Amino acid sequence: MSWSSGAEIYLDIWSTLRDKIDNEGMRKSVAKDLLLVFISNDIDPYHIEGCDDELDEILREVYS
């Protein structure tokens, strides 16, 4: 998968997670685990930064 298509797929998944998982802690945990999978398979986090405040917080956690 290319970095741009990976970012698009991840954002689609993120939208679903945000809509379907009400528990914030669980949502962040699942999103973070999936983000690590996508990063290890060549997603460029630059392409998802700034799309959502909660997602930006997860990105900070991953890179801290």
# chains A, B, ... in the order shown; residues from 1 in each chain; ligands from 1

$ select_by_dssp --residues "chain A" --states "alpha helix (DSSP H)" --output "PyMOL selection string"
chain A and resi 3-20+24-40+53-62

$ residues_around --residues "A:Trp14" --least-positions-apart "3" --cutoff "10 Å" --atoms "only C-alpha atoms" --output "number ranges by chain"
A: 8-11, 17-20, 27-28, 30-31, 34-35, 52, 55

$ atom_distance --atom1 "atom CA of A:Met26" --atom2 "atom CA of A:His47"
23.6 Å

$ residues_around --residues "A:Asp42" --least-positions-apart "2" --cutoff "12 Å" --atoms "only C-alpha atoms" --output "list in words"
Met1, Ser2, Trp3, Ser4, Ser5, Gly6, Ala7, Tyr10, Leu35, Leu36, Val37, Phe38, Ile39, Ser40, Asp44, Pro45, Tyr46 and His47 of chain A

$ atom_distance --atom1 "atom CA of A:Ile58" --atom2 "atom CA of A:Lys32"
6.2 Å

$ atom_distance --atom1 "atom CA of A:Gly25" --atom2 "atom CA of A:Gly50"
20.4 Å
